[in-house]
$ cat query_5.csv   # CSV, C-alpha atoms and all ligand atoms
chain,number,residue,atom,x,y,z
A,14,MET,CA,47.0,30.2,-11.2
A,15,THR,CA,49.5,32.4,-9.5
A,16,PRO,CA,48.6,33.6,-6.0
A,17,SER,CA,48.0,37.1,-7.5
A,18,ALA,CA,45.6,35.7,-10.1
A,19,ARG,CA,43.7,34.0,-7.3
A,20,VAL,CA,43.2,37.3,-5.6
A,21,GLN,CA,42.0,38.8,-8.9
A,22,ALA,CA,39.6,35.9,-9.4
A,23,ALA,CA,38.2,36.5,-5.9
A,24,ILE,CA,37.7,40.2,-6.7
A,25,GLU,CA,35.8,39.3,-9.9
A,26,LEU,CA,33.7,36.8,-8.0
A,27,LEU,CA,33.0,39.2,-5.2
A,28,ASP,CA,31.8,41.8,-7.7
A,29,ALA,CA,29.3,39.2,-9.0
A,30,ILE,CA,28.2,38.2,-5.5
A,31,ILE,CA,27.7,41.9,-4.5
A,32,ALA,CA,25.5,42.5,-7.6
A,33,SER,CA,23.6,39.2,-7.0
A,34,ALA,CA,23.0,40.1,-3.3
A,35,ARG,CA,21.7,43.6,-4.4
A,36,ASP,CA,19.4,42.2,-7.1
A,37,GLY,CA,18.2,39.0,-5.4
A,38,GLY,CA,20.2,36.8,-7.7
A,39,PRO,CA,21.9,33.4,-7.1
A,40,ALA,CA,23.8,32.6,-4.0
A,41,ALA,CA,27.6,32.9,-3.7
A,42,ASP,CA,28.1,29.1,-3.8
A,43,THR,CA,26.2,29.0,-7.1
A,44,LEU,CA,28.2,31.9,-8.6
A,45,ILE,CA,31.5,30.3,-7.5
A,46,ALA,CA,30.5,26.9,-9.1
A,47,ARG,CA,29.6,28.7,-12.4
A,48,TYR,CA,32.8,30.7,-12.4
A,49,PHE,CA,35.0,27.6,-12.3
A,50,LYS,CA,32.8,25.7,-14.7
A,51,GLU,CA,33.8,28.3,-17.3
A,52,ARG,CA,37.5,28.2,-16.2
A,53,ARG,CA,38.6,24.6,-16.4
A,54,TYR,CA,42.2,25.6,-16.2
A,55,ALA,CA,41.8,26.3,-12.5
A,56,GLY,CA,42.9,23.3,-10.5
A,57,SER,CA,41.4,22.1,-7.2
A,58,ARG,CA,44.0,24.0,-5.1
A,59,ASP,CA,43.2,27.2,-7.1
A,60,ARG,CA,39.5,26.7,-6.5
A,61,ARG,CA,40.0,26.2,-2.8
A,62,ALA,CA,42.3,29.2,-2.4
A,63,VAL,CA,39.9,31.5,-4.4
A,64,ARG,CA,36.9,30.3,-2.4
A,65,ASP,CA,38.7,30.9,0.8
A,66,HIS,CA,39.6,34.5,-0.2
A,67,VAL,CA,35.9,35.1,-1.2
A,68,TYR,CA,34.5,33.8,2.0
A,69,ASP,CA,37.1,35.5,4.2
A,70,ALA,CA,36.1,38.8,2.5
A,71,ILE,CA,32.3,38.0,2.9
A,72,ARG,CA,32.7,37.1,6.6
A,73,ARG,CA,34.8,40.2,7.3
A,74,VAL,CA,32.3,42.8,6.1
A,75,ALA,CA,28.8,43.3,7.6
A,76,GLU,CA,27.4,45.8,5.0
A,77,ARG,CA,27.4,45.0,1.3
A,78,PRO,CA,30.7,46.5,0.1
A,79,GLU,CA,30.9,48.9,-2.9
A,80,SER,CA,33.1,46.5,-4.9
A,81,GLY,CA,35.0,43.2,-4.8
A,82,ARG,CA,38.3,45.2,-4.9
A,83,ALA,CA,37.2,47.2,-1.8
A,84,ALA,CA,36.4,43.9,0.0
A,85,MET,CA,39.8,42.4,-0.8
A,86,ILE,CA,41.7,45.6,-0.1
A,87,GLY,CA,40.1,45.5,3.4
A,88,ILE,CA,41.8,42.2,3.9
A,89,ALA,CA,45.0,43.4,2.3
A,90,HIS,CA,45.2,46.3,4.9
A,91,GLU,CA,45.2,43.7,7.6
A,92,CYS,CA,47.4,41.1,5.9
A,93,PRO,CA,50.7,42.2,4.3
A,94,GLU,CA,51.0,38.9,2.3
A,95,ILE,CA,47.7,39.6,0.5
A,96,ALA,CA,48.7,43.3,0.0
A,97,ALA,CA,51.9,42.1,-1.7
A,98,LEU,CA,49.8,40.2,-4.3
A,99,PHE,CA,48.3,43.5,-5.6
A,100,ASP,CA,51.3,43.8,-7.9
A,101,GLY,CA,49.9,44.8,-11.2
A,102,SER,CA,51.5,41.8,-13.0
A,103,VAL,CA,49.6,39.8,-15.7
A,104,HIS,CA,46.2,38.5,-14.2
A,105,ALA,CA,47.0,40.3,-10.9
A,106,PRO,CA,45.0,43.1,-9.3
A,107,ALA,CA,46.3,46.6,-9.9
A,108,PRO,CA,48.6,48.0,-7.1
A,109,ILE,CA,46.8,49.6,-4.2
A,110,GLU,CA,46.8,53.3,-4.6
A,111,PRO,CA,48.1,55.4,-1.7
A,112,GLY,CA,45.0,56.3,0.4
A,113,GLU,CA,42.8,53.7,-1.3
A,114,THR,CA,40.5,52.4,1.4
A,115,GLY,CA,39.0,49.0,1.9
A,116,ALA,CA,35.6,47.9,3.1
A,117,GLU,CA,35.1,48.5,6.9
A,118,PRO,CA,35.1,45.3,9.0
A,119,GLY,CA,32.0,44.4,10.9
A,120,ILE,CA,29.8,41.5,12.0
A,121,ILE,CA,26.2,42.9,11.9
A,122,PRO,CA,24.8,45.5,9.6
A,123,ALA,CA,24.1,48.6,11.7
A,124,TRP,CA,20.4,48.6,10.9
A,125,ILE,CA,19.8,45.0,11.9
A,126,ALA,CA,21.7,45.0,15.2
A,127,PRO,CA,18.9,46.7,17.2
A,128,LEU,CA,16.3,44.4,15.7
A,129,LEU,CA,17.9,41.2,17.1
A,130,ALA,CA,16.3,39.6,20.1
A,131,ALA,CA,17.9,41.0,23.2
A,132,PRO,CA,19.4,37.7,24.5
A,133,VAL,CA,21.3,37.0,21.2
A,134,GLU,CA,25.1,37.0,21.7
A,135,GLN,CA,25.8,39.0,18.6
A,136,ASP,CA,29.6,38.2,18.4
A,137,ALA,CA,28.9,34.5,18.0
A,138,LEU,CA,26.7,34.9,14.9
A,139,LEU,CA,29.6,34.6,12.5
A,140,GLY,CA,31.4,31.8,14.3
A,141,ARG,CA,32.5,28.7,12.5
A,142,ALA,CA,29.7,26.2,12.2
A,143,PRO,CA,30.3,22.5,12.7
A,144,VAL,CA,28.6,19.8,10.6
A,145,ASP,CA,25.7,18.3,12.5
A,146,LEU,CA,24.1,15.0,11.5
A,147,ARG,CA,20.9,13.4,12.5
A,148,VAL,CA,21.0,9.6,12.8
A,149,ASN,CA,18.0,8.3,10.8
A,150,ARG,CA,16.3,5.8,13.0
A,151,LEU,CA,14.4,4.4,10.0
A,152,ARG,CA,17.8,3.0,9.0
A,153,GLY,CA,19.6,2.3,12.3
A,154,ALA,CA,20.6,3.7,15.7
A,155,LEU,CA,23.2,6.1,17.0
A,156,GLU,CA,25.3,3.2,18.0
A,157,ASP,CA,25.4,1.9,14.4
A,158,ALA,CA,26.5,5.3,13.1
A,159,LEU,CA,29.2,6.2,15.7
A,160,PRO,CA,31.8,3.5,14.8
A,161,LEU,CA,31.4,4.5,11.1
A,162,LEU,CA,32.2,8.2,11.8
A,163,PRO,CA,35.2,8.2,14.1
A,164,ASP,CA,35.4,12.0,14.3
A,165,ALA,CA,31.7,12.4,15.3
A,166,MET,CA,30.6,13.3,18.8
A,167,PRO,CA,27.1,13.0,20.2
A,168,VAL,CA,25.4,16.4,20.9
A,169,PRO,CA,24.3,16.5,24.5
A,170,GLY,CA,20.5,17.1,24.7
A,171,VAL,CA,19.6,16.2,21.2
A,172,SER,CA,19.1,12.4,21.1
A,173,ASP,CA,19.9,11.6,17.5
A,174,ALA,CA,22.4,14.3,16.8
A,175,LEU,CA,26.1,13.8,16.0
A,176,ARG,CA,28.6,16.6,15.5
A,177,LEU,CA,31.6,16.6,13.1
A,178,PRO,CA,34.2,19.4,12.6
A,179,GLU,CA,33.5,22.2,10.1
A,180,GLY,CA,33.8,21.1,6.5
A,181,ALA,CA,33.7,17.4,7.1
A,182,PRO,CA,32.9,15.7,3.7
A,183,VAL,CA,29.9,13.7,5.0
A,184,GLU,CA,28.3,13.2,1.7
A,185,LYS,CA,31.2,11.0,0.6
A,186,SER,CA,30.8,8.8,3.7
A,187,GLU,CA,29.1,5.4,3.6
A,188,PRO,CA,26.6,6.0,6.4
A,189,TRP,CA,25.3,9.1,4.5
A,190,GLN,CA,25.1,7.3,1.2
A,191,ARG,CA,23.0,4.5,2.7
A,192,GLY,CA,20.7,7.0,4.5
A,193,LEU,CA,21.8,6.2,8.1
A,194,VAL,CA,22.7,9.9,8.6
A,195,GLU,CA,21.3,13.2,7.3
A,196,VAL,CA,23.1,16.6,7.5
A,197,GLN,CA,20.9,18.6,9.8
A,198,ASP,CA,21.7,21.3,12.4
A,199,ALA,CA,20.9,20.1,16.0
A,200,GLY,CA,18.6,23.2,16.3
A,201,SER,CA,16.5,22.0,13.3
A,202,GLN,CA,16.3,18.6,14.9
A,203,LEU,CA,14.9,20.2,18.1
A,204,ILE,CA,12.2,21.9,16.0
A,205,ALA,CA,11.1,18.6,14.6
A,206,ILE,CA,11.0,17.2,18.1
A,207,ALA,CA,8.9,20.1,19.3
A,208,CYS,CA,6.2,19.1,16.7
A,209,GLU,CA,5.6,16.0,18.9
A,210,ALA,CA,4.6,14.0,15.8
A,211,ARG,CA,3.5,10.4,16.5
A,212,PRO,CA,3.0,7.2,14.3
A,213,GLY,CA,-0.4,7.2,12.6
A,214,GLN,CA,-1.0,11.0,12.8
A,215,THR,CA,-1.6,13.5,10.0
A,216,VAL,CA,1.2,15.9,9.9
A,217,ILE,CA,1.7,18.8,7.4
A,218,ASP,CA,5.1,20.4,6.8
A,219,LEU,CA,3.8,23.5,5.1
A,220,CYS,CA,7.1,25.2,4.1
A,221,ALA,CA,9.0,21.9,3.5
A,222,GLY,CA,11.6,23.1,1.0
A,223,ALA,CA,13.7,20.1,0.2
A,224,GLY,CA,12.3,18.3,3.2
A,225,GLY,CA,15.1,18.6,5.9
A,226,LYS,CA,12.6,18.7,8.7
A,227,THR,CA,10.0,16.5,6.9
A,228,LEU,CA,12.5,13.6,7.0
A,229,ALA,CA,12.9,14.1,10.8
A,230,LEU,CA,9.1,14.2,11.2
A,231,ALA,CA,9.0,10.9,9.2
A,232,VAL,CA,11.3,9.3,11.8
A,233,ALA,CA,9.1,10.5,14.7
A,234,MET,CA,6.1,9.0,12.9
A,235,GLU,CA,8.1,5.7,12.4
A,236,GLY,CA,7.0,5.8,8.7
A,237,LYS,CA,3.3,5.4,9.6
A,238,GLY,CA,0.5,7.9,9.0
A,239,THR,CA,0.1,10.8,6.6
A,240,LEU,CA,3.0,13.2,6.2
A,241,ILE,CA,2.5,15.9,3.6
A,242,ALA,CA,5.4,18.1,2.5
A,243,ALA,CA,4.1,21.3,0.9
A,244,ASP,CA,6.0,24.2,-0.7
A,245,THR,CA,5.5,26.8,-3.4
A,246,ILE,CA,8.7,26.0,-5.2
A,247,ARG,CA,8.6,22.9,-7.4
A,248,SER,CA,12.4,22.5,-7.7
A,249,ARG,CA,12.8,22.4,-3.9
A,250,LEU,CA,10.1,19.8,-3.4
A,251,ALA,CA,11.6,17.7,-6.2
A,252,ARG,CA,14.8,17.4,-4.2
A,253,LEU,CA,12.9,15.7,-1.4
A,254,SER,CA,12.0,12.5,-3.3
A,255,PRO,CA,15.6,11.1,-3.7
A,256,ARG,CA,16.4,12.1,-0.1
A,257,ALA,CA,13.2,10.3,1.1
A,258,GLU,CA,14.2,7.2,-0.8
A,259,ARG,CA,17.7,7.2,0.7
A,260,ALA,CA,16.2,7.7,4.1
A,261,GLY,CA,13.6,4.9,3.7
A,262,ALA,CA,10.7,7.5,4.2
A,263,THR,CA,8.8,6.9,1.0
A,264,PHE,CA,5.4,7.4,2.7
A,265,ILE,CA,5.8,11.2,2.4
A,266,GLN,CA,3.4,12.9,0.0
A,267,THR,CA,4.3,16.2,-1.6
A,268,LEU,CA,1.9,19.1,-2.4
A,269,LEU,CA,2.9,22.0,-4.6
A,270,LEU,CA,1.2,25.2,-3.6
A,271,ASP,CA,0.4,28.2,-5.8
A,272,GLN,CA,1.8,31.3,-4.1
A,273,GLY,CA,-1.0,33.5,-3.1
A,274,HIS,CA,-3.7,30.8,-3.6
A,275,GLU,CA,-2.4,28.2,-1.1
A,276,ALA,CA,-5.7,27.9,0.8
A,277,ARG,CA,-7.5,26.4,-2.3
A,278,ALA,CA,-5.1,23.4,-2.4
A,279,LEU,CA,-5.3,23.0,1.3
A,280,GLU,CA,-9.1,23.1,1.7
A,281,SER,CA,-9.6,19.3,1.8
A,282,LEU,CA,-7.1,19.2,4.8
A,283,HIS,CA,-9.0,21.7,7.0
A,284,GLY,CA,-9.5,20.4,10.5
A,285,ARG,CA,-7.5,17.3,9.9
A,286,ALA,CA,-3.9,17.8,11.0
A,287,ASP,CA,-2.5,16.7,14.3
A,288,ALA,CA,0.5,18.9,13.7
A,289,VAL,CA,1.4,21.6,11.2
A,290,LEU,CA,4.9,22.9,10.9
A,291,VAL,CA,5.4,26.3,9.4
A,292,ASP,CA,9.1,26.6,8.9
A,293,ALA,CA,8.6,30.0,7.4
A,294,PRO,CA,10.7,31.9,4.8
A,295,CYS,CA,12.8,34.3,6.9
A,296,SER,CA,15.8,36.6,7.0
A,297,GLY,CA,18.1,33.8,7.9
A,298,THR,CA,19.8,35.9,10.6
A,299,GLY,CA,20.3,32.7,12.6
A,300,THR,CA,22.3,31.0,9.9
A,301,TRP,CA,24.8,33.7,9.1
A,302,ARG,CA,27.7,31.4,10.2
A,303,ARG,CA,26.8,29.2,7.3
A,304,ASN,CA,25.5,31.9,4.9
A,305,PRO,CA,27.5,35.0,5.8
A,306,GLU,CA,26.5,36.7,2.5
A,307,ALA,CA,22.8,36.7,3.7
A,308,ARG,CA,23.8,39.9,5.6
A,309,TRP,CA,24.4,41.6,2.2
A,310,ARG,CA,21.0,40.6,0.9
A,311,LEU,CA,18.7,41.7,3.7
A,312,THR,CA,17.1,45.2,3.4
A,313,PRO,CA,14.4,46.9,5.6
A,314,ALA,CA,11.9,46.5,2.7
A,315,ARG,CA,12.7,42.8,2.3
A,316,LEU,CA,12.3,42.2,6.1
A,317,ASP,CA,8.9,43.9,6.0
A,318,ARG,CA,7.8,41.6,3.1
A,319,LEU,CA,9.0,38.6,5.0
A,320,VAL,CA,7.2,39.5,8.2
A,321,GLN,CA,4.0,40.0,6.2
A,322,GLU,CA,4.4,36.7,4.4
A,323,GLN,CA,5.1,34.8,7.6
A,324,ALA,CA,1.8,36.2,9.1
A,325,ARG,CA,-0.1,35.3,5.9
A,326,ILE,CA,1.2,31.7,6.0
A,327,LEU,CA,0.3,31.3,9.7
A,328,ASP,CA,-3.2,32.5,8.9
A,329,PHE,CA,-3.8,29.9,6.2
A,330,ALA,CA,-2.1,27.2,8.3
A,331,ALA,CA,-4.3,27.7,11.4
A,332,PRO,CA,-7.5,26.2,9.9
A,333,LEU,CA,-5.7,23.0,9.1
A,334,LEU,CA,-5.4,21.9,12.7
A,335,ALA,CA,-7.7,19.2,14.2
A,336,PRO,CA,-9.0,20.0,17.7
A,337,GLY,CA,-6.0,19.7,20.1
A,338,GLY,CA,-3.5,19.8,17.2
A,339,ALA,CA,-0.2,21.8,17.3
A,340,LEU,CA,0.8,24.6,15.0
A,341,VAL,CA,4.5,24.9,15.3
A,342,TYR,CA,5.9,28.1,13.9
A,343,ALA,CA,9.7,28.2,13.3
A,344,THR,CA,12.2,30.5,11.7
A,345,CYS,CA,16.0,30.5,11.5
A,346,ALA,CA,15.7,34.3,12.1
A,347,LEU,CA,16.8,36.1,15.3
A,348,THR,CA,14.9,39.3,14.8
A,349,ASP,CA,12.0,39.7,17.2
A,350,ARG,CA,9.7,40.9,14.4
A,351,GLU,CA,10.0,37.5,12.8
A,352,GLY,CA,10.1,35.5,16.0
A,353,ARG,CA,8.5,36.6,19.3
A,354,GLY,CA,6.7,39.5,17.7
A,355,GLN,CA,5.2,37.3,14.9
A,356,VAL,CA,3.9,34.8,17.4
A,357,GLU,CA,2.5,37.5,19.7
A,358,THR,CA,0.6,39.2,16.9
A,359,PHE,CA,-0.7,35.7,15.8
A,360,LEU,CA,-2.1,35.2,19.3
A,361,GLN,CA,-3.7,38.7,19.2
A,362,ARG,CA,-5.3,38.0,15.7
A,363,HIS,CA,-6.5,34.5,16.6
A,364,ASP,CA,-8.9,34.3,19.6
A,365,GLY,CA,-8.7,31.3,21.8
A,366,TRP,CA,-5.2,30.2,20.7
A,367,ILE,CA,-2.5,29.7,23.3
A,368,ALA,CA,1.3,29.0,23.2
A,369,ASP,CA,2.4,25.7,24.8
A,370,ALA,CA,5.2,25.9,27.4
A,371,ILE,CA,8.3,24.4,25.7
A,372,ASP,CA,11.0,22.8,27.7
A,373,LEU,CA,14.0,21.4,25.8
A,374,PRO,CA,17.6,20.6,26.9
A,375,LEU,CA,19.0,23.4,24.7
A,376,GLY,CA,17.7,26.9,24.3
A,377,ARG,CA,15.7,29.2,26.5
A,378,ALA,CA,12.2,30.7,26.7
A,379,HIS,CA,11.7,34.0,25.0
A,380,GLY,CA,8.2,35.5,25.0
A,381,PRO,CA,5.7,32.9,23.9
A,382,GLY,CA,8.3,30.7,22.3
A,383,TRP,CA,11.8,29.3,22.4
A,384,LEU,CA,15.1,30.7,21.3
A,385,LEU,CA,18.2,28.9,20.2
A,386,THR,CA,21.4,30.8,19.4
A,387,PRO,CA,24.9,29.9,18.3
A,388,GLY,CA,26.4,31.6,21.3
A,389,HIS,CA,24.2,29.9,23.9
A,390,ASP,CA,23.5,26.6,22.4
A,391,GLY,CA,26.1,25.9,19.7
A,392,THR,CA,23.4,25.5,17.1
A,393,ASP,CA,22.2,27.8,14.3
A,394,GLY,CA,19.9,30.5,15.6
A,395,PHE,CA,16.2,29.7,15.7
A,396,TYR,CA,12.9,30.9,17.2
A,397,PHE,CA,10.0,28.6,17.4
A,398,ALA,CA,6.7,28.3,19.2
A,399,ARG,CA,4.0,25.6,19.6
A,400,LEU,CA,0.5,27.0,19.3
A,401,ARG,CA,-2.9,25.3,20.0
A,402,ARG,CA,-6.5,26.3,20.1
A,403,GLY,CA,-7.2,26.6,23.8
A,404,PRO,CA,-10.0,24.5,25.4
A,501,LIG,C1,13.1,28.1,5.7
A,501,LIG,S1,12.7,27.4,4.2
A,501,LIG,C2,12.2,25.7,4.7
A,501,LIG,C3,13.3,24.8,5.0
A,501,LIG,C4,12.9,23.4,5.2
A,501,LIG,N1,11.7,23.3,6.1
A,501,LIG,C5,14.0,22.5,5.8
A,501,LIG,O1,13.9,22.1,7.0
A,501,LIG,O2,14.9,22.3,5.0
A,501,LIG,C6,11.2,28.1,3.8
A,501,LIG,C7,10.4,27.5,2.7
A,501,LIG,O3,9.2,28.2,2.6
A,501,LIG,C8,8.8,28.1,1.3
A,501,LIG,N2,7.7,29.1,1.1
A,501,LIG,C9,7.7,30.4,0.8
A,501,LIG,N3,6.5,30.9,0.7
A,501,LIG,C10,5.6,29.9,1.0
A,501,LIG,C11,4.2,29.8,1.0
A,501,LIG,N4,3.4,30.8,0.8
A,501,LIG,N5,3.7,28.6,1.2
A,501,LIG,C12,4.4,27.5,1.4
A,501,LIG,N6,5.8,27.5,1.4
A,501,LIG,C13,6.4,28.7,1.2
A,501,LIG,C14,10.0,28.4,0.5
A,501,LIG,O4,10.0,28.0,-0.8
A,501,LIG,C15,11.1,27.7,1.3
A,501,LIG,O5,11.3,26.4,0.8
$ encode --input "query_5.csv" --output "structure tokens"
Amino acid sequence: MTPSARVQAAIELLDAIIASARDGGPAADTLIARYFKERRYAGSRDRRAVRDHVYDAIRRVAERPESGRAAMIGIAHECPEIAALFDGSVHAPAPIEPGETGAEPGIIPAWIAPLLAAPVEQDALLGRAPVDLRVNRLRGALEDALPLLPDAMPVPGVSDALRLPEGAPVEKSEPWQRGLVEVQDAGSQLIAIACEARPGQTVIDLCAGAGGKTLALAVAMEGKGTLIAADTIRSRLARLSPRAERAGATFIQTLLLDQGHEARALESLHGRADAVLVDAPCSGTGTWRRNPEARWRLTPARLDRLVQEQARILDFAAPLLAPGGALVYATCALTDREGRGQVETFLQRHDGWIADAIDLPLGRAHGPGWLLTPGHDGTDGFYFARLRRGP
């Protein structure tokens, strides 16, 4: 592909990504993979260059732009080399018209900025994210992994975490293939630590997805006890079993829940759990540095629905706890409505519940819970709280 054709390809892809973000369709990565599957003539350098254009354009613009062309013209106005590629030749974008404007640059959509928790350093939300690993103690120790990953550095304050530079191809490495390391942000690792799971306990990961945090809980439990990974999406839970095999955590049970009727499937577990983790569906504002396109997907109505759903999940999670058990609520969102506010309203709705004091080497207290942010902690952004029925 010529450099101009790569820009045109980025414009076409951005059009698809904009429509998908508006309509709740597939993620940018999925659309990019599909695009190139249908265009086998594109070589690996073409694919990389197009992908870079697409992500540069996504990162640059806070609000969903009107078109892929507007997004790329925004870049062209700041970069004469890109502007020169709008030359109207075969497979190239049409020349930029005099006065043709590009999408406005920005970090945070204007309506979201006032909703973010006050301590969040907003400028850091779109920074470059490193690749964090969790050493899987079911397979070995940090000292076993370090010599195999010469670029990795321990993450101070997170005992099993290693950090590699952005884009490091971990999944090709031997320690990943034999389950010695998992890709997991250090902040996610702290959430699993906050659950205080122990060997022999009954622990439920209620929104387990593909089991990132379930696998960390399995390590804390040393592979002993009952660990249930529940989710409403079958395909996500299905991704857990090969991961659990690789990690040597085959004692994990999965439980598929029926959206809206979850309580029925969970009834036999009432009063039995030592810890329940609710890693709730959320706006993902804390992970924009990895998913910058999430800014284009969120709307006020969608945020309202998420806040309602988080409260509903917390309400059917609470009866699962045994006396003294811990309900850990976590989101990778940095809006107060999904974090601090959600926990405060839970405590108002549920008489006799209290929030534990949390004290971890990274993060800071915020209301009844704990806040991690990219700017303060170098992790993705999270809010979490540990709740118990009081004495
Ligand atoms: C933030 S993701 C979980 C990520 C996962 N815990 C991890 O560490 O990789 C939230 C998950 O909640 C699930 N979910 C949404 N509604 C749910 C519900 N009503 N009950 C249980 N899980 C639900 C979603 O399918 C999604 O997998």
$ residues_near_ligand --input "query_5.csv" --ligand "ligand LIG 501 (chain A)" --cutoff "8 Å" --atoms "all atoms listed in the file" --output "ChimeraX atom specification"
/A:201,218-227,243-246,249-250,270-273,275,291-295,297,322,325-326,344-345
$ residues_around --input "query_5.csv" --residues "A:Ser17" --least-positions-apart "3" --cutoff "7 Å" --atoms "all atoms listed in the file" --output "list in words"
Val20, Gln21, Leu98, Phe99, Ala105 and Pro106 of chain A
$ closest_residue --input "query_5.csv" --among "A:Ala131, A:Val67, A:Ile24, A:Ala18" --to "A:Val103" --atoms "all atoms listed in the file"
A:Ala18
$ residues_around --input "query_5.csv" --residues "stretch 253-257 of chain A" --least-positions-apart "5" --cutoff "12 Å" --atoms "only C-alpha atoms" --output "ChimeraX atom specification"
/A:149,151-152,189-196,221-232,236,240-244,246-248,262-268
$ atom_distance --input "query_5.csv" --atom1 "atom CA of A:Cys92" --atom2 "atom CA of A:Arg58"
20.6 Å
$ residues_around --input "query_5.csv" --residues "A:Val171" --least-positions-apart "3" --cutoff "8 Å" --atoms "only C-alpha atoms" --output "PyMOL selection string"
chain A and resi 168+174+199+202-203+374
$ atom_distance --input "query_5.csv" --atom1 "atom CA of A:Ile86" --atom2 "atom CA of A:Ser296"
28.3 Å
$ residues_near_point --input "query_5.csv" --point "(20.4, 44.6, 14.8)" --cutoff "12 Å" --atoms "all atoms listed in the file" --output "number ranges by chain"
A: 75, 120-136, 138, 298, 308, 311-313, 346-350
$ closest_residue --input "query_5.csv" --among "A:Val289, A:Ala116, A:Ala154, A:Val183" --to "A:Ala343" --atoms "all atoms listed in the file"
A:Val289
$ residues_around --input "query_5.csv" --residues "A:Ala142" --least-positions-apart "6" --cutoff "10 Å" --atoms "all atoms listed in the file" --output "PyMOL selection string"
chain A and resi 177-180+198+300-303+387+391-393
$ residues_around --input "query_5.csv" --residues "stretch 32-43 of chain A" --least-positions-apart "3" --cutoff "7 Å" --atoms "all atoms listed in the file" --output "PyMOL selection string"
chain A and resi 28-29+46-47+309-310
$ atom_distance --input "query_5.csv" --atom1 "atom CA of A:Ile371" --atom2 "atom CA of A:Leu159"
29.5 Å
$ closest_residue --input "query_5.csv" --among "A:Arg252, A:Arg147, A:Arg73, A:Arg399" --to "A:Gly200" --atoms "only C-alpha atoms"
A:Arg147
$ closest_residue --input "query_5.csv" --among "A:Leu316, A:Arg150, A:Arg401, A:Arg285" --to "A:Gly261" --atoms "all atoms listed in the file"
A:Arg150
$ closest_residue --input "query_5.csv" --among "A:Ala251, A:Ala314, A:Leu282, A:Pro16" --to "A:Ser102" --atoms "all atoms listed in the file"
A:Pro16
$ closest_residue --input "query_5.csv" --among "A:Pro108, A:Gly56, A:Pro78, A:Pro212" --to "A:Thr239" --atoms "all atoms listed in the file"
A:Pro212
